[in-house]
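Here's target-v7.csv, which has CSV, C-alpha atoms:
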```csv
chain,number,residue,atom,x,y,z
J,1,MET,CA,-71.3,27.8,-31.1
J,2,GLU,CA,-73.6,26.5,-28.3
J,3,GLU,CA,-72.1,25.1,-25.2
J,4,LEU,CA,-72.4,21.5,-24.6
J,5,PRO,CA,-74.8,20.4,-21.8
J,6,ALA,CA,-73.3,19.4,-18.5
J,7,SER,CA,-74.4,15.8,-19.0
J,8,PHE,CA,-71.8,15.4,-21.8
J,9,LEU,CA,-68.9,16.4,-19.5
J,10,HIS,CA,-68.0,13.1,-17.7
J,11,LYS,CA,-67.0,13.7,-14.2
J,12,ASP,CA,-64.4,10.9,-14.1
J,13,ILE,CA,-62.3,12.4,-16.9
J,14,PRO,CA,-59.1,13.8,-15.3
J,15,LEU,CA,-57.9,17.3,-16.0
J,16,PRO,CA,-54.8,17.6,-18.2
J,17,VAL,CA,-51.6,17.8,-16.3
J,18,SER,CA,-49.6,21.0,-16.8
J,19,SER,CA,-47.0,22.9,-14.9
J,20,HIS,CA,-49.7,25.3,-13.7
J,21,ASN,CA,-52.0,22.8,-12.0
J,22,ALA,CA,-49.5,20.1,-11.0
J,23,ALA,CA,-49.0,21.6,-7.6
J,24,ARG,CA,-52.3,23.4,-7.3
J,25,LEU,CA,-53.5,24.4,-3.8
J,26,ASN,CA,-57.0,24.2,-2.6
J,27,THR,CA,-58.9,27.1,-1.2
J,28,ASP,CA,-57.9,26.2,2.4
J,29,GLY,CA,-54.2,26.1,1.5
J,30,SER,CA,-53.7,22.3,1.5
J,31,VAL,CA,-52.1,20.5,-1.4
J,32,ASN,CA,-54.5,18.9,-3.9
J,33,SER,CA,-54.9,15.2,-4.4
J,34,PHE,CA,-52.7,15.1,-7.5
J,35,SER,CA,-49.6,16.3,-5.6
J,36,LYS,CA,-50.4,14.0,-2.6
J,37,GLY,CA,-50.8,11.0,-4.9
J,38,PHE,CA,-47.2,11.5,-6.2
J,39,GLY,CA,-45.8,12.3,-2.8
J,40,LEU,CA,-44.6,15.8,-3.8
J,41,SER,CA,-45.4,17.2,-0.3
J,42,GLY,CA,-42.9,14.8,1.3
J,43,LEU,CA,-40.0,15.5,-1.0
J,44,LYS,CA,-36.8,17.0,0.5
J,45,LYS,CA,-33.9,18.8,-1.1
J,46,ARG,CA,-31.0,16.6,-1.7
J,47,GLY,CA,-27.8,17.4,0.2
J,48,HIS,CA,-29.5,19.2,3.1
J,49,GLY,CA,-30.2,16.2,5.4
J,50,SER,CA,-28.8,16.2,8.9
J,51,ARG,CA,-26.1,13.7,9.9
J,52,SER,CA,-24.8,12.5,13.3
J,53,TRP,CA,-21.5,14.2,14.3
J,54,ILE,CA,-19.4,14.0,17.5
J,55,ARG,CA,-18.1,17.3,18.8
J,56,ILE,CA,-15.0,17.1,21.0
J,57,ASP,CA,-13.8,20.4,22.6
J,58,ARG,CA,-10.4,21.4,24.0
J,59,ASN,CA,-11.2,19.9,27.5
J,60,GLY,CA,-12.0,16.5,26.1
J,61,ASN,CA,-15.7,16.7,26.4
J,62,SER,CA,-17.7,14.9,23.7
J,63,LYS,CA,-21.2,15.5,22.5
J,64,ILE,CA,-23.3,14.0,19.7
J,65,LEU,CA,-24.9,16.6,17.4
J,66,ASP,CA,-27.2,16.5,14.4
J,67,LEU,CA,-25.8,19.0,11.9
J,68,ASP,CA,-26.7,19.6,8.3
J,69,LYS,CA,-24.3,20.6,5.5
J,70,THR,CA,-25.2,24.3,5.6
J,71,THR,CA,-24.6,24.5,9.3
J,72,ILE,CA,-21.2,22.9,9.1
J,73,MET,CA,-20.2,25.1,6.2
J,74,ARG,CA,-21.2,28.2,8.1
J,75,ARG,CA,-19.6,27.0,11.4
J,76,CYS,CA,-16.3,26.0,9.9
J,77,SER,CA,-16.1,28.4,7.0
J,78,LEU,CA,-15.7,25.5,4.5
J,79,PRO,CA,-16.9,25.2,0.9
J,80,GLY,CA,-19.3,22.4,-0.1
J,81,ARG,CA,-16.7,20.5,-2.1
J,82,ASP,CA,-14.6,19.9,1.0
J,83,LEU,CA,-17.6,18.4,2.8
J,84,ARG,CA,-18.1,15.9,0.0
J,85,LEU,CA,-14.8,14.4,0.9
J,86,LEU,CA,-16.3,13.4,4.3
J,87,ASP,CA,-19.5,12.0,2.8
J,88,PRO,CA,-19.7,8.2,3.6
J,89,LEU,CA,-21.8,7.6,0.5
J,90,PHE,CA,-18.8,8.4,-1.7
J,91,ILE,CA,-15.5,6.7,-1.8
J,92,TYR,CA,-12.6,9.2,-1.9
J,93,PRO,CA,-8.9,8.6,-1.3
J,94,SER,CA,-7.3,9.8,1.9
J,95,THR,CA,-7.0,13.6,2.0
J,96,ILE,CA,-5.7,16.2,4.4
J,97,LEU,CA,-6.7,19.8,3.6
J,98,GLY,CA,-5.6,23.0,5.4
J,99,ARG,CA,-8.2,25.8,5.2
J,100,GLU,CA,-8.5,29.3,6.7
J,101,LYS,CA,-10.2,28.2,9.9
J,102,ALA,CA,-10.2,24.4,9.7
J,103,ILE,CA,-8.4,21.2,8.7
J,104,VAL,CA,-10.4,18.7,6.7
J,105,VAL,CA,-9.2,15.1,7.5
J,106,SER,CA,-10.3,12.0,5.6
J,107,LEU,CA,-8.0,9.1,6.5
J,108,GLU,CA,-9.6,5.7,6.0
J,109,GLN,CA,-12.6,5.6,8.3
J,110,ILE,CA,-11.6,8.7,10.3
J,111,ARG,CA,-13.4,11.7,8.8
J,112,CYS,CA,-13.4,14.9,10.8
J,113,ILE,CA,-13.1,18.6,10.7
J,114,ILE,CA,-10.5,20.1,13.1
J,115,THR,CA,-10.7,23.8,14.2
J,116,ALA,CA,-8.8,25.8,16.7
J,117,ASP,CA,-11.4,25.0,19.4
J,118,GLU,CA,-13.1,21.7,18.5
J,119,VAL,CA,-13.1,18.5,16.5
J,120,ILE,CA,-16.3,17.6,14.6
J,121,LEU,CA,-16.0,13.9,13.9
J,122,MET,CA,-18.4,11.9,11.7
J,123,ASN,CA,-20.3,9.5,14.0
J,124,SER,CA,-19.8,5.9,13.1
J,125,LEU,CA,-19.7,2.4,14.7
J,126,ASP,CA,-16.3,1.7,13.1
J,127,GLY,CA,-13.6,0.6,15.5
J,128,CYS,CA,-11.2,3.3,14.4
J,129,VAL,CA,-13.8,6.1,14.9
J,130,VAL,CA,-14.7,4.8,18.4
J,131,GLN,CA,-11.1,4.5,19.4
J,132,TYR,CA,-10.3,8.0,18.0
J,133,GLU,CA,-13.1,9.6,20.1
J,134,SER,CA,-12.2,7.8,23.3
J,135,GLU,CA,-8.4,8.3,22.9
J,136,LEU,CA,-8.6,12.0,22.0
J,137,CYS,CA,-10.9,12.7,24.9
J,138,LYS,CA,-8.6,10.8,27.3
J,139,ARG,CA,-5.5,12.7,26.1
J,140,LEU,CA,-7.1,16.1,26.2
J,141,GLN,CA,-8.4,15.5,29.7
J,142,ILE,CA,-5.0,14.3,31.0
J,143,SER,CA,-3.2,17.3,29.4
J,144,LYS,CA,-5.8,19.8,30.4
J,145,ASP,CA,-3.7,21.2,33.3
J,146,GLN,CA,-0.4,20.7,31.6
J,147,ILE,CA,1.5,22.7,29.1
J,148,ASP,CA,1.8,21.0,25.7
J,149,ASP,CA,4.2,21.9,23.0
J,150,LEU,CA,1.7,21.1,20.2
J,151,PRO,CA,-1.5,23.2,19.7
J,152,PHE,CA,-4.9,21.6,19.9
J,153,GLU,CA,-5.3,21.1,16.1
J,154,PHE,CA,-2.0,19.2,15.8
J,155,ARG,CA,-2.8,16.8,18.7
J,156,ALA,CA,-6.1,15.9,17.0
J,157,LEU,CA,-4.3,15.5,13.6
J,158,GLU,CA,-1.5,13.4,15.2
J,159,LEU,CA,-4.0,11.0,16.7
J,160,ALA,CA,-5.8,10.6,13.3
J,161,LEU,CA,-2.4,9.8,11.6
J,162,GLU,CA,-1.4,7.5,14.4
J,163,LEU,CA,-4.6,5.3,14.3
J,164,THR,CA,-4.5,5.3,10.5
J,165,CYS,CA,-0.9,4.1,10.3
J,166,MET,CA,-1.5,1.5,13.0
J,167,SER,CA,-4.6,0.2,11.3
J,168,LEU,CA,-2.9,-0.1,7.9
J,169,ASP,CA,0.1,-1.8,9.4
J,170,ALA,CA,-2.1,-4.3,11.2
J,171,GLN,CA,-3.8,-5.2,8.0
J,172,VAL,CA,-0.5,-5.7,6.3
J,173,ARG,CA,0.7,-8.1,9.0
J,174,GLU,CA,-2.5,-10.1,8.7
J,175,LEU,CA,-2.1,-10.2,4.9
J,176,GLU,CA,1.5,-11.4,5.3
J,177,MET,CA,0.4,-14.2,7.7
J,178,GLU,CA,-2.1,-15.4,5.1
J,179,VAL,CA,-0.1,-15.0,1.9
J,180,TYR,CA,3.2,-16.7,2.7
J,181,PRO,CA,1.7,-20.1,3.6
J,182,VAL,CA,-0.6,-20.1,0.5
J,183,LEU,CA,2.4,-19.3,-1.7
J,184,ASP,CA,4.5,-22.1,-0.2
J,185,GLU,CA,1.6,-24.5,-0.7
J,186,LEU,CA,1.2,-23.5,-4.3
J,187,VAL,CA,4.9,-24.2,-5.0
J,188,SER,CA,4.5,-27.7,-3.6
J,189,SER,CA,1.2,-28.4,-5.2
J,190,VAL,CA,-0.1,-26.5,-8.3
J,191,SER,CA,-3.8,-26.8,-8.3
J,192,THR,CA,-6.8,-24.8,-9.3
J,193,LEU,CA,-7.8,-24.2,-5.7
J,194,ASN,CA,-4.4,-22.9,-4.7
J,195,LEU,CA,-4.2,-20.7,-7.8
J,196,GLU,CA,-7.6,-19.2,-7.0
J,197,ARG,CA,-6.6,-18.4,-3.4
J,198,VAL,CA,-3.4,-16.7,-4.7
J,199,ARG,CA,-5.4,-14.7,-7.2
J,200,ARG,CA,-7.8,-13.5,-4.5
J,201,LEU,CA,-5.0,-12.6,-2.1
J,202,LYS,CA,-3.2,-10.7,-4.9
J,203,GLY,CA,-6.2,-8.6,-5.5
J,204,HIS,CA,-6.4,-7.7,-1.8
J,205,LEU,CA,-2.7,-6.9,-1.9
J,206,LEU,CA,-3.0,-4.5,-4.7
J,207,ALA,CA,-6.0,-2.7,-3.2
J,208,LEU,CA,-4.2,-2.3,0.2
J,209,THR,CA,-1.1,-1.1,-1.6
J,210,ARG,CA,-3.1,1.7,-3.3
J,211,ARG,CA,-4.6,2.8,0.0
J,212,VAL,CA,-1.2,2.9,1.8
J,213,GLN,CA,0.4,4.7,-1.1
J,214,LYS,CA,-2.3,7.4,-1.1
J,215,VAL,CA,-1.7,8.1,2.6
J,216,ARG,CA,2.0,8.2,2.1
J,217,ASP,CA,1.7,10.6,-0.9
J,218,GLU,CA,-0.7,12.9,1.1
J,219,ILE,CA,1.8,13.2,3.9
J,220,GLU,CA,4.7,13.8,1.5
J,221,GLN,CA,2.8,16.4,-0.4
J,222,LEU,CA,2.1,18.3,2.8
J,223,MET,CA,5.8,18.2,3.9
J,224,ASP,CA,6.8,19.6,0.5
J,225,ASP,CA,4.6,22.7,0.7
J,226,ASP,CA,5.4,25.2,3.4
J,227,GLY,CA,2.3,27.2,2.6
J,228,ASP,CA,0.0,24.4,3.2
J,229,MET,CA,1.6,23.6,6.6
J,230,ALA,CA,1.4,27.3,7.6
J,231,GLU,CA,-2.3,27.3,6.8
J,232,MET,CA,-2.8,24.5,9.4
J,233,TYR,CA,-1.6,26.6,12.4
J,234,LEU,CA,-5.2,27.5,13.4
J,235,THR,CA,-4.6,28.4,17.0
J,236,GLU,CA,-1.9,30.9,16.0
J,237,LYS,CA,-4.0,32.5,13.3
J,238,LYS,CA,-6.9,32.8,15.7
J,239,GLU,CA,-4.8,34.5,18.3
J,240,ARG,CA,-3.4,36.8,15.7
J,241,MET,CA,-6.9,37.8,14.5
J,242,GLU,CA,-8.0,38.4,18.1
J,243,ALA,CA,-5.0,40.6,18.7
J,244,TYR,CA,-5.8,42.5,15.5
J,245,SER,CA,-9.4,43.0,16.6
J,246,SER,CA,-8.4,44.2,20.0
J,247,SER,CA,-5.9,46.7,18.5
J,248,GLU,CA,-8.5,47.9,16.0
J,249,GLN,CA,-11.0,48.4,18.9
J,250,TYR,CA,-8.3,50.3,20.9
J,251,PHE,CA,-7.7,52.7,18.0
J,252,GLN,CA,-11.4,53.3,17.6
J,253,ASN,CA,-12.1,53.8,21.3
J,254,ASN,CA,-9.0,55.9,22.3
J,255,VAL,CA,-7.4,57.6,19.3
J,256,LEU,CA,-10.6,58.8,17.7
J,257,VAL,CA,-12.1,59.9,21.1
J,258,GLY,CA,-8.8,61.8,21.8
J,259,ALA,CA,-8.9,63.4,18.5
J,260,GLY,CA,-12.5,64.5,19.0
J,261,MET,CA,-11.6,66.0,22.4
J,262,MET,CA,-8.8,68.0,20.9
J,263,SER,CA,-11.0,69.3,18.2
J,264,LYS,CA,-13.5,70.5,20.7
J,265,SER,CA,-10.9,72.2,23.0
J,266,ALA,CA,-9.2,74.1,20.2
J,267,PRO,CA,-11.5,76.5,18.4
J,268,VAL,CA,-10.7,76.4,14.7
J,269,SER,CA,-12.5,77.2,11.5
J,270,PRO,CA,-15.0,74.7,10.1
J,271,VAL,CA,-13.0,74.1,7.0
J,272,ASP,CA,-9.8,73.3,8.9
J,273,SER,CA,-11.6,71.0,11.3
J,274,SER,CA,-13.2,69.0,8.5
J,275,SER,CA,-10.0,68.7,6.6
J,276,GLY,CA,-8.1,67.7,9.7
J,277,ALA,CA,-10.7,65.0,10.6
J,278,HIS,CA,-10.4,63.6,7.1
J,279,ARG,CA,-6.6,63.5,7.3
J,280,LEU,CA,-6.7,61.8,10.7
J,281,GLU,CA,-9.2,59.2,9.4
J,282,ARG,CA,-7.0,58.4,6.4
J,283,ALA,CA,-4.0,58.0,8.7
J,284,LEU,CA,-5.8,55.7,11.1
J,285,SER,CA,-7.1,53.5,8.2
J,286,SER,CA,-3.6,53.2,6.7
J,287,ILE,CA,-2.3,52.1,10.1
J,288,LEU,CA,-5.0,49.5,10.6
J,289,SER,CA,-4.6,48.2,7.1
J,290,SER,CA,-0.8,47.9,7.4
J,291,SER,CA,-1.2,46.1,10.8
J,292,LYS,CA,-3.7,43.7,9.3
J,293,HIS,CA,-1.5,43.1,6.3
J,294,GLY,CA,1.5,42.5,8.5
J,295,SER,CA,-0.5,40.0,10.6
J,296,LEU,CA,-1.5,38.0,7.5
J,297,LEU,CA,2.0,38.0,6.2
J,298,GLY,CA,3.2,36.7,9.5
J,299,SER,CA,1.0,33.6,9.1
J,300,SER,CA,2.5,32.8,5.8
J,301,ASN,CA,6.2,33.8,6.3
J,302,ASN,CA,6.7,32.3,9.8
J,303,GLY,CA,9.0,29.7,8.5
J,304,GLU,CA,10.5,28.7,11.8
J,305,SER,CA,7.1,27.8,13.3
J,306,ILE,CA,6.3,25.1,10.8
J,307,VAL,CA,9.2,22.9,12.0
J,308,GLU,CA,7.1,21.2,14.7
J,309,LEU,CA,4.4,20.3,12.2
J,310,GLU,CA,7.0,19.1,9.7
J,311,MET,CA,8.6,16.9,12.3
J,312,LEU,CA,5.2,15.4,13.2
J,313,LEU,CA,4.4,14.6,9.6
J,314,GLU,CA,7.9,13.2,9.0
J,315,ALA,CA,7.5,10.8,12.0
J,316,TYR,CA,4.4,9.2,10.5
J,317,PHE,CA,5.8,9.4,7.0
J,318,VAL,CA,8.5,7.0,8.2
J,319,VAL,CA,5.9,4.7,9.6
J,320,ILE,CA,3.7,4.6,6.5
J,321,ASP,CA,6.7,4.3,4.3
J,322,ASN,CA,7.9,1.2,6.2
J,323,THR,CA,4.4,-0.3,5.8
J,324,LEU,CA,4.5,0.4,2.0
J,325,ASN,CA,7.9,-1.4,1.8
J,326,LYS,CA,6.4,-4.5,3.4
J,327,LEU,CA,3.7,-4.5,0.8
J,328,LEU,CA,6.2,-4.1,-2.0
J,329,SER,CA,8.3,-6.9,-0.7
J,330,LEU,CA,5.2,-9.1,-0.5
J,331,LYS,CA,4.3,-8.3,-4.0
J,332,GLU,CA,7.8,-9.2,-5.2
J,333,TYR,CA,7.5,-12.5,-3.5
J,334,VAL,CA,4.2,-13.2,-5.2
J,335,ASP,CA,5.7,-12.3,-8.6
J,336,ASP,CA,8.7,-14.5,-8.0
J,337,THR,CA,6.4,-17.4,-7.1
J,338,GLU,CA,4.3,-16.8,-10.2
J,339,ASP,CA,7.5,-16.9,-12.4
J,340,PHE,CA,8.6,-20.1,-10.7
J,341,ILE,CA,5.2,-21.8,-11.3
J,342,ASN,CA,5.3,-20.7,-14.9
J,343,ILE,CA,8.8,-22.2,-15.4
J,344,LYS,CA,7.7,-25.4,-13.7
J,345,LEU,CA,4.6,-25.7,-15.9
J,346,VAL,CA,6.7,-25.1,-19.0
J,347,ARG,CA,9.1,-27.9,-18.0
J,348,THR,CA,6.2,-30.2,-17.0
J,349,ILE,CA,4.2,-30.0,-20.2
J,350,PRO,CA,6.9,-31.5,-22.6
J,351,PHE,CA,7.5,-34.3,-20.1
J,352,LYS,CA,3.8,-35.1,-20.0
J,353,GLU,CA,3.6,-35.1,-23.8
J,354,GLU,CA,6.6,-37.5,-24.0
J,355,LEU,CA,5.1,-39.8,-21.4
J,356,GLN,CA,1.8,-39.9,-23.3
J,357,TRP,CA,3.7,-40.7,-26.5
J,358,HIS,CA,5.4,-43.7,-24.9
J,359,GLN,CA,2.0,-44.8,-23.4
J,360,ARG,CA,0.4,-44.7,-26.9
J,361,LYS,CA,3.4,-46.6,-28.3
J,362,LEU,CA,3.0,-49.4,-25.8
J,363,ILE,CA,-0.7,-49.7,-26.6
J,364,TYR,CA,-0.2,-49.9,-30.4
J,365,PHE,CA,3.1,-51.8,-30.4
J,366,PRO,CA,3.1,-54.1,-27.3
J,367,CYS,CA,6.3,-56.0,-26.5
```

As structure tokens, how would this structure be written, given the file I've shared?
Amino acid sequence: MEELPASFLHKDIPLPVSSHNAARLNTDGSVNSFSKGFGLSGLKKRGHGSRSWIRIDRNGNSKILDLDKTTIMRRCSLPGRDLRLLDPLFIYPSTILGREKAIVVSLEQIRCIITADEVILMNSLDGCVVQYESELCKRLQISKDQIDDLPFEFRALELALELTCMSLDAQVRELEMEVYPVLDELVSSVSTLNLERVRRLKGHLLALTRRVQKVRDEIEQLMDDDGDMAEMYLTEKKERMEAYSSSEQYFQNNVLVGAGMMSKSAPVSPVDSSSGAHRLERALSSILSSSKHGSLLGSSNNGESIVELEMLLEAYFVVIDNTLNKLLSLKEYVDDTEDFINIKLVRTIPFKEELQWHQRKLIYFPC
């Protein structure tokens, strides 16, 4: 079959789009016009964008950093699912997670990662976040030259619990000041406007109760699990790992070198020297593995050391439990008022019907 002349091939007809030519490159390496037209060259992978974080070290010095998700995961040894709890684009309930090298804290607006050496706080203009940064820096700078009973990670966790409990309690007090007058006004005057105000305040009450209940349950769950509390002793685990590393280095630098010198000073047969070196290597490896195993067991079986963390959590559990009791009492008052209004309406309706009957009777049968 003869080829069609070039005049029959219209130059304006576009080429068919396929997976092979959709992202075609020109000879100079630039993206072709098709990919530019759809903006493929400017696309970014989701989940890898940088966010603004505030880094607070042990001395109370703060610095703003731009870190992406991968950097934080590598820096704090955290899985990606833990970082999703801190994402401001998602709404997650309050959570406190103890990991191998970090504590993930998501309490209301305070979302941070606490390690043994620093706090990585999500930057925000919220009042609680600003107050947390300033107050933590202030406390760390004051106690820099003092001996504190609590390690660094617990001081950072304590401040997050303190500000969260204070914020929730303040919201409950504001709600109480608004609800009680509205309920009293509704009792005296049942109207559509007052009923709508009570309905709106009741929705706010239920939402606040759920938030307070979640913080209380999270603290209670931590207190009930000794293993989770032991995982949160980051400074102690770091010191134990450093001690293990130094002991391992000591064995490698001294014991192995001494064994080598002994083998050189005493002439033995090659077979005996190789077998002796293998036995010494196995013995040293068993010693190191047993010391490492013992150090890891110490972090999980050190029951007496979790008392200070348990007392810290118990103190704020009492505070948040008191806040929850205020909300429950307020809800009972709302329910009692609703019952009273219903009884009042039930009694009022027959009276109105009887009054209307008498009015009709006077109209049709006047005296």

To one decimal in Å, tell me the separation between atom CA of Glu178 of chain J and atom CA of Arg199 of chain J.
-> 12.8 Å

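We find atom CA of Leu136 of chain J and atom CA of Arg58 of chain J to be spaced 9.8 Å apart.
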
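Our summary of the geometry notes that atom CA of Val179 of chain J is positioned 11.4 Å from atom CA of Thr337 of chain J.
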
Of the candidates J:Glu332, J:Asp117, J:Ser189, J:Leu208, which shows the shortest atom-to-atom distance to Glu174 of chain J, using only C-alpha atoms?
-> J:Leu208

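Between Asp169 of chain J and the candidates J:Arg200, J:Lys326, J:Arg216, J:Lys237, the tightest atom-to-atom separation, counting only C-alpha atoms, involves J:Lys326.
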
Could you pull the residues within 8 Å of Glu314 of chain J, counting all atoms listed in the file, minus those fewer than 3 positions along the same chain, as a list in words?
-> Ile219, Met223, Glu310, Met311, Phe317 and Val318 of chain J

Counting all atoms listed in the file, what is within 7 Å of Lys214 of chain J, bar same-chain residues fewer than 4 positions away, as a PyMOL selection string?
-> chain J and resi 93-94+210+218

Write the residues of the preceding selection, restricted to C-alpha atoms, as a PDB file, in the frame of the given file.
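Written output follows (selection.pdb):
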```pdb
ATOM      1  CA  PRO J  93      -8.900   8.600  -1.300  1.00  0.00           C
ATOM      2  CA  SER J  94      -7.300   9.800   1.900  1.00  0.00           C
ATOM      3  CA  ARG J 210      -3.100   1.700  -3.300  1.00  0.00           C
ATOM      4  CA  GLU J 218      -0.700  12.900   1.100  1.00  0.00           C
TER       5      GLU J 218
END
```

Neighbours of point (-0.9, 0.4, 7.7) within 12 Å, using all atoms listed in the file, written as JSON, numbers by chain = {"J": [107, 108, 161, 162, 163, 164, 165, 166, 167, 168, 169, 170, 171, 172, 173, 174, 175, 208, 209, 210, 211, 212, 213, 214, 215, 216, 316, 317, 318, 319, 320, 321, 322, 323, 324, 325, 326, 327]}

Got time to write the residues from that selection, C-alpha atoms, as a CSV table (one decimal), keeping the file's coordinate frame?
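Output below, filename again13.csv:
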```csv
chain,number,residue,atom,x,y,z
J,107,LEU,CA,-8.0,9.1,6.5
J,108,GLU,CA,-9.6,5.7,6.0
J,161,LEU,CA,-2.4,9.8,11.6
J,162,GLU,CA,-1.4,7.5,14.4
J,163,LEU,CA,-4.6,5.3,14.3
J,164,THR,CA,-4.5,5.3,10.5
J,165,CYS,CA,-0.9,4.1,10.3
J,166,MET,CA,-1.5,1.5,13.0
J,167,SER,CA,-4.6,0.2,11.3
J,168,LEU,CA,-2.9,-0.1,7.9
J,169,ASP,CA,0.1,-1.8,9.4
J,170,ALA,CA,-2.1,-4.3,11.2
J,171,GLN,CA,-3.8,-5.2,8.0
J,172,VAL,CA,-0.5,-5.7,6.3
J,173,ARG,CA,0.7,-8.1,9.0
J,174,GLU,CA,-2.5,-10.1,8.7
J,175,LEU,CA,-2.1,-10.2,4.9
J,208,LEU,CA,-4.2,-2.3,0.2
J,209,THR,CA,-1.1,-1.1,-1.6
J,210,ARG,CA,-3.1,1.7,-3.3
J,211,ARG,CA,-4.6,2.8,0.0
J,212,VAL,CA,-1.2,2.9,1.8
J,213,GLN,CA,0.4,4.7,-1.1
J,214,LYS,CA,-2.3,7.4,-1.1
J,215,VAL,CA,-1.7,8.1,2.6
J,216,ARG,CA,2.0,8.2,2.1
J,316,TYR,CA,4.4,9.2,10.5
J,317,PHE,CA,5.8,9.4,7.0
J,318,VAL,CA,8.5,7.0,8.2
J,319,VAL,CA,5.9,4.7,9.6
J,320,ILE,CA,3.7,4.6,6.5
J,321,ASP,CA,6.7,4.3,4.3
J,322,ASN,CA,7.9,1.2,6.2
J,323,THR,CA,4.4,-0.3,5.8
J,324,LEU,CA,4.5,0.4,2.0
J,325,ASN,CA,7.9,-1.4,1.8
J,326,LYS,CA,6.4,-4.5,3.4
J,327,LEU,CA,3.7,-4.5,0.8
```

Nearest residue to Ser50 of chain J from the set J:Asp82, J:Asp87, J:Glu231, J:Glu236 (distances using all atoms listed in the file) =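 Nearest candidate to Ser50 of chain J out of J:Asp82, J:Asp87, J:Glu231, J:Glu236: J:Asp87.
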
Compile the contact shell of Ile64 of chain J as an mmCIF file with C-alpha atoms, keeping the file's coordinate frame: residues with an atom at most 12 Å away, counting all atoms listed in the file, same-chain residues fewer than 6 positions apart removed.
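File produced: part.cif:
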```
data_model
loop_
_atom_site.group_PDB
_atom_site.id
_atom_site.type_symbol
_atom_site.label_atom_id
_atom_site.label_comp_id
_atom_site.auth_asym_id
_atom_site.auth_seq_id
_atom_site.Cartn_x
_atom_site.Cartn_y
_atom_site.Cartn_z
ATOM 1 C CA ARG J 51 -26.100 13.700 9.900
ATOM 2 C CA SER J 52 -24.800 12.500 13.300
ATOM 3 C CA TRP J 53 -21.500 14.200 14.300
ATOM 4 C CA ILE J 54 -19.400 14.000 17.500
ATOM 5 C CA ARG J 55 -18.100 17.300 18.800
ATOM 6 C CA ILE J 56 -15.000 17.100 21.000
ATOM 7 C CA ASP J 57 -13.800 20.400 22.600
ATOM 8 C CA VAL J 119 -13.100 18.500 16.500
ATOM 9 C CA ILE J 120 -16.300 17.600 14.600
ATOM 10 C CA LEU J 121 -16.000 13.900 13.900
ATOM 11 C CA MET J 122 -18.400 11.900 11.700
ATOM 12 C CA ASN J 123 -20.300 9.500 14.000
ATOM 13 C CA SER J 124 -19.800 5.900 13.100
ATOM 14 C CA GLU J 133 -13.100 9.600 20.100
#
```

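With only C-alpha atoms as the atoms that count, the residue of J:Val105, J:Leu183, J:Leu205, J:Ala243 with the shortest distance to Tyr333 of chain J is J:Leu183.
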
Of the candidates J:Lys138, J:Met241, J:Leu312, J:Ala102, which shows the shortest atom-to-atom distance to Glu220 of chain J, using only C-alpha atoms?
->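 Selected residue with least distance to Glu220 of chain J: J:Leu312.
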
Of J:Cys137, J:Val104, J:Ile110, J:Cys128, the one nearest to Lys63 of chain J when counting all atoms listed in the file is J:Cys137
